[in-house]
file data-v5.pdb (PDB, C-alpha atoms, pLDDT in the B column)
ATOM      1  CA  MET A   1     -35.154  -1.691 -24.079  1.00 82.00           C
ATOM      2  CA  SER A   2     -36.575   1.830 -23.801  1.00 95.00           C
ATOM      3  CA  VAL A   3     -40.165   2.442 -22.767  1.00 97.00           C
ATOM      4  CA  VAL A   4     -42.507   5.253 -23.756  1.00 98.00           C
ATOM      5  CA  LYS A   5     -45.113   6.691 -21.415  1.00 97.00           C
ATOM      6  CA  ILE A   6     -47.781   8.921 -22.914  1.00 97.00           C
ATOM      7  CA  ASN A   7     -50.033  10.816 -20.552  1.00 95.00           C
ATOM      8  CA  VAL A   8     -53.245  11.587 -22.450  1.00 96.00           C
ATOM      9  CA  LEU A   9     -54.756  14.768 -20.983  1.00 95.00           C
ATOM     10  CA  THR A  10     -58.235  16.093 -21.707  1.00 95.00           C
ATOM     11  CA  VAL A  11     -57.870  19.874 -21.542  1.00 95.00           C
ATOM     12  CA  PRO A  12     -60.812  22.230 -22.080  1.00 92.00           C
ATOM     13  CA  ALA A  13     -60.030  25.121 -24.476  1.00 91.00           C
ATOM     14  CA  GLU A  14     -60.083  27.686 -21.655  1.00 92.00           C
ATOM     15  CA  GLN A  15     -57.403  25.722 -19.747  1.00 93.00           C
ATOM     16  CA  ARG A  16     -54.893  25.212 -22.588  1.00 93.00           C
ATOM     17  CA  GLU A  17     -52.808  28.275 -21.766  1.00 94.00           C
ATOM     18  CA  VAL A  18     -52.785  27.333 -18.064  1.00 93.00           C
ATOM     19  CA  LEU A  19     -51.541  23.818 -18.848  1.00 93.00           C
ATOM     20  CA  GLU A  20     -48.803  25.039 -21.180  1.00 94.00           C
ATOM     21  CA  LYS A  21     -47.616  27.672 -18.684  1.00 93.00           C
ATOM     22  CA  ARG A  22     -47.435  25.040 -15.928  1.00 89.00           C
ATOM     23  CA  PHE A  23     -45.310  22.775 -18.101  1.00 89.00           C
ATOM     24  CA  ALA A  24     -43.098  25.713 -19.096  1.00 91.00           C
ATOM     25  CA  SER A  25     -42.570  26.645 -15.433  1.00 86.00           C
ATOM     26  CA  ARG A  26     -41.286  23.113 -14.781  1.00 82.00           C
ATOM     27  CA  ALA A  27     -39.225  22.919 -17.966  1.00 75.00           C
ATOM     28  CA  HIS A  28     -36.182  20.701 -17.582  1.00 80.00           C
ATOM     29  CA  ALA A  29     -37.396  19.277 -14.249  1.00 81.00           C
ATOM     30  CA  VAL A  30     -37.578  15.745 -15.635  1.00 87.00           C
ATOM     31  CA  GLU A  31     -34.324  15.883 -17.613  1.00 89.00           C
ATOM     32  CA  SER A  32     -32.054  15.206 -14.641  1.00 88.00           C
ATOM     33  CA  SER A  33     -33.955  12.061 -13.649  1.00 91.00           C
ATOM     34  CA  ASP A  34     -32.010   8.817 -13.897  1.00 94.00           C
ATOM     35  CA  GLY A  35     -33.088   6.876 -16.982  1.00 96.00           C
ATOM     36  CA  PHE A  36     -34.843   9.825 -18.656  1.00 95.00           C
ATOM     37  CA  GLU A  37     -34.381   9.940 -22.443  1.00 96.00           C
ATOM     38  CA  TRP A  38     -36.959  12.272 -24.047  1.00 94.00           C
ATOM     39  CA  PHE A  39     -39.910  14.629 -23.387  1.00 94.00           C
ATOM     40  CA  GLU A  40     -42.463  16.352 -25.623  1.00 95.00           C
ATOM     41  CA  LEU A  41     -45.709  18.183 -24.847  1.00 95.00           C
ATOM     42  CA  LEU A  42     -47.975  17.804 -27.883  1.00 96.00           C
ATOM     43  CA  ARG A  43     -50.761  20.365 -28.427  1.00 96.00           C
ATOM     44  CA  PRO A  44     -53.812  19.302 -30.458  1.00 95.00           C
ATOM     45  CA  VAL A  45     -54.290  21.244 -33.676  1.00 93.00           C
ATOM     46  CA  GLU A  46     -57.778  20.230 -34.757  1.00 89.00           C
ATOM     47  CA  GLY A  47     -60.806  18.246 -33.705  1.00 88.00           C
ATOM     48  CA  THR A  48     -59.792  17.270 -30.178  1.00 92.00           C
ATOM     49  CA  ASP A  49     -59.126  18.656 -26.706  1.00 92.00           C
ATOM     50  CA  THR A  50     -56.495  16.010 -25.987  1.00 95.00           C
ATOM     51  CA  TYR A  51     -52.880  16.895 -25.202  1.00 96.00           C
ATOM     52  CA  LEU A  52     -50.211  14.188 -25.217  1.00 96.00           C
ATOM     53  CA  VAL A  53     -47.294  14.264 -22.785  1.00 94.00           C
ATOM     54  CA  TYR A  54     -44.655  12.004 -24.356  1.00 96.00           C
ATOM     55  CA  THR A  55     -41.781  10.741 -22.237  1.00 95.00           C
ATOM     56  CA  ARG A  56     -39.229   8.066 -23.055  1.00 96.00           C
ATOM     57  CA  TRP A  57     -37.255   6.176 -20.397  1.00 97.00           C
ATOM     58  CA  ARG A  58     -34.403   3.661 -20.264  1.00 97.00           C
ATOM     59  CA  ASP A  59     -36.757   1.217 -18.504  1.00 97.00           C
ATOM     60  CA  ASP A  60     -39.996   1.065 -16.540  1.00 96.00           C
ATOM     61  CA  GLU A  61     -38.116   1.160 -13.219  1.00 96.00           C
ATOM     62  CA  SER A  62     -36.673   4.590 -14.098  1.00 96.00           C
ATOM     63  CA  PHE A  63     -40.139   5.913 -14.908  1.00 95.00           C
ATOM     64  CA  GLN A  64     -41.600   4.508 -11.686  1.00 95.00           C
ATOM     65  CA  ALA A  65     -38.787   6.073  -9.618  1.00 94.00           C
ATOM     66  CA  TRP A  66     -39.496   9.485 -11.190  1.00 91.00           C
ATOM     67  CA  LEU A  67     -43.236   9.002 -10.724  1.00 89.00           C
ATOM     68  CA  GLU A  68     -42.845   8.258  -7.014  1.00 90.00           C
ATOM     69  CA  GLY A  69     -40.212  10.949  -6.404  1.00 84.00           C
ATOM     70  CA  PRO A  70     -39.929  14.239  -8.312  1.00 69.00           C
ATOM     71  CA  MET A  71     -43.259  14.014 -10.175  1.00 74.00           C
ATOM     72  CA  LYS A  72     -45.217  13.198  -7.034  1.00 68.00           C
ATOM     73  CA  ALA A  73     -43.619  16.120  -5.169  1.00 68.00           C
ATOM     74  CA  ALA A  74     -44.416  18.522  -8.034  1.00 65.00           C
ATOM     75  CA  HIS A  75     -48.073  17.504  -8.048  1.00 61.00           C
ATOM     76  CA  GLN A  76     -48.373  17.826  -4.276  1.00 60.00           C
ATOM     77  CA  GLY A  77     -47.565  21.511  -4.202  1.00 55.00           C
ATOM     78  CA  GLY A  78     -43.828  21.363  -4.832  1.00 48.00           C
ATOM     79  CA  GLY A  79     -44.105  24.091  -7.441  1.00 46.00           C
ATOM     80  CA  GLU A  80     -45.993  27.204  -8.544  1.00 43.00           C
ATOM     81  CA  GLY A  81     -45.473  29.126  -5.328  1.00 44.00           C
ATOM     82  CA  GLY A  82     -47.328  26.572  -3.264  1.00 45.00           C
ATOM     83  CA  GLY A  83     -45.807  26.928   0.173  1.00 48.00           C
ATOM     84  CA  GLU A  84     -47.183  25.668   3.449  1.00 50.00           C
ATOM     85  CA  GLY A  85     -50.840  26.607   3.833  1.00 52.00           C
ATOM     86  CA  ALA A  86     -51.075  27.728   0.188  1.00 54.00           C
ATOM     87  CA  GLU A  87     -54.044  26.525  -1.787  1.00 63.00           C
ATOM     88  CA  ARG A  88     -53.101  24.001  -4.446  1.00 66.00           C
ATOM     89  CA  PRO A  89     -53.978  25.159  -7.991  1.00 75.00           C
ATOM     90  CA  LYS A  90     -56.909  23.493  -9.699  1.00 83.00           C
ATOM     91  CA  PRO A  91     -55.851  20.934 -12.354  1.00 85.00           C
ATOM     92  CA  ALA A  92     -55.902  22.253 -15.926  1.00 89.00           C
ATOM     93  CA  ALA A  93     -56.865  18.833 -17.299  1.00 89.00           C
ATOM     94  CA  SER A  94     -60.310  17.379 -16.720  1.00 85.00           C
ATOM     95  CA  GLY A  95     -59.062  13.810 -17.170  1.00 88.00           C
ATOM     96  CA  SER A  96     -55.979  11.742 -17.904  1.00 90.00           C
ATOM     97  CA  THR A  97     -54.979   8.280 -19.043  1.00 93.00           C
ATOM     98  CA  LEU A  98     -51.494   6.768 -19.120  1.00 95.00           C
ATOM     99  CA  TRP A  99     -50.442   4.738 -22.156  1.00 97.00           C
ATOM    100  CA  SER A 100     -47.323   2.533 -21.959  1.00 97.00           C
ATOM    101  CA  PHE A 101     -45.265   1.153 -24.836  1.00 96.00           C
ATOM    102  CA  GLU A 102     -41.985  -0.681 -25.404  1.00 97.00           C
ATOM    103  CA  VAL A 103     -39.778   0.612 -28.207  1.00 95.00           C
ATOM    104  CA  VAL A 104     -39.296  -2.247 -30.691  1.00 95.00           C
ATOM    105  CA  GLN A 105     -37.994  -0.228 -33.666  1.00 94.00           C
ATOM    106  CA  GLN A 106     -36.659   3.269 -34.113  1.00 91.00           C
ATOM    107  CA  ALA A 107     -35.013   5.542 -36.658  1.00 91.00           C
ATOM    108  CA  GLY A 108     -33.063   8.711 -36.081  1.00 87.00           C
ATOM    109  CA  PRO A 109     -33.125  11.870 -38.186  1.00 89.00           C
ATOM    110  CA  LYS A 110     -31.319  11.776 -41.524  1.00 89.00           C
ATOM    111  CA  GLU A 111     -27.851  13.317 -41.550  1.00 86.00           C
ATOM    112  CA  ALA A 112     -27.620  16.425 -43.758  1.00 78.00           C
TER     113      ALA A 112
END
call {"tool": "encode", "arguments": {"input": "data-v5.pdb", "output": "structure tokens"}}
result
Amino acid sequence: MSVVKINVLTVPAEQREVLEKRFASRAHAVESSDGFEWFELLRPVEGTDTYLVYTRWRDDESFQAWLEGPMKAAHQGGGEGGGEGAERPKPAASGSTLWSFEVVQQAGPKEA
């Protein structure tokens, strides 16, 4: 059964562009991970400063393997020109929470 992980990020208005550029610079990085099924970065449109990072995985073990491998490396300076001795960029989000769900029902898009 697939699982969904939603990272809820609080992003001040002045950091929105920074966050989106960072995700764009790592586009497709998660797609080659074993068990990965889907990704979406959701931008708030009104009344909130909360972004949602939606990922769907074959199972929780696949997510945990990505979390401890590629994702951990990316957040420890494995991207954005951060070589040895380089200063790590300041986080764009001021807070985050991880929501976890199991997929119990789903529907695909209608065929045209």
call {"tool": "resolve_selection", "arguments": {"input": "data-v5.pdb", "expression": "the PyMOL selection byres ((chain A and resi 99) around 8)", "output": "PyMOL selection string"}}
result
chain A and resi 5-8+97-98+100-101
call {"tool": "atom_distance", "arguments": {"input": "data-v5.pdb", "atom1": "CA of Gly95 in chain A", "atom2": "CA of Leu9 in chain A"}}
result
5.8 Å
call {"tool": "resolve_selection", "arguments": {"input": "data-v5.pdb", "expression": "the PyMOL selection byres ((chain A and resi 62) around 12)", "output": "list in words"}}
result
Met1, Ser2, Val3, Val4, Lys5, Val30, Ser32, Ser33, Asp34, Gly35, Phe36, Glu37, Thr55, Arg56, Trp57, Arg58, Asp59, Asp60, Glu61, Phe63, Gln64, Ala65, Trp66, Leu67, Glu68, Gly69 and Pro70 of chain A
call {"tool": "atom_distance", "arguments": {"input": "data-v5.pdb", "atom1": "CA of Val53 in chain A", "atom2": "CA of Leu41 in chain A"}}
result
4.7 Å
call {"tool": "atom_distance", "arguments": {"input": "data-v5.pdb", "atom1": "CA of Glu111 in chain A", "atom2": "CA of Tyr54 in chain A"}}
result
24.1 Å
call {"tool": "resolve_selection", "arguments": {"input": "data-v5.pdb", "expression": "the PyMOL selection byres ((chain A and resi 13) around 10)", "output": "list in words"}}
result
Thr10, Val11, Pro12, Glu14, Gln15, Arg16, Glu17, Val18, Thr48, Asp49, Thr50 and Ala92 of chain A
call {"tool": "closest_residue", "arguments": {"input": "data-v5.pdb", "among": "A:Val45, A:Val103, A:Met71, A:Leu52", "to": "Arg26 in chain A", "atoms": "all atoms listed in the file"}}
result
A:Met71
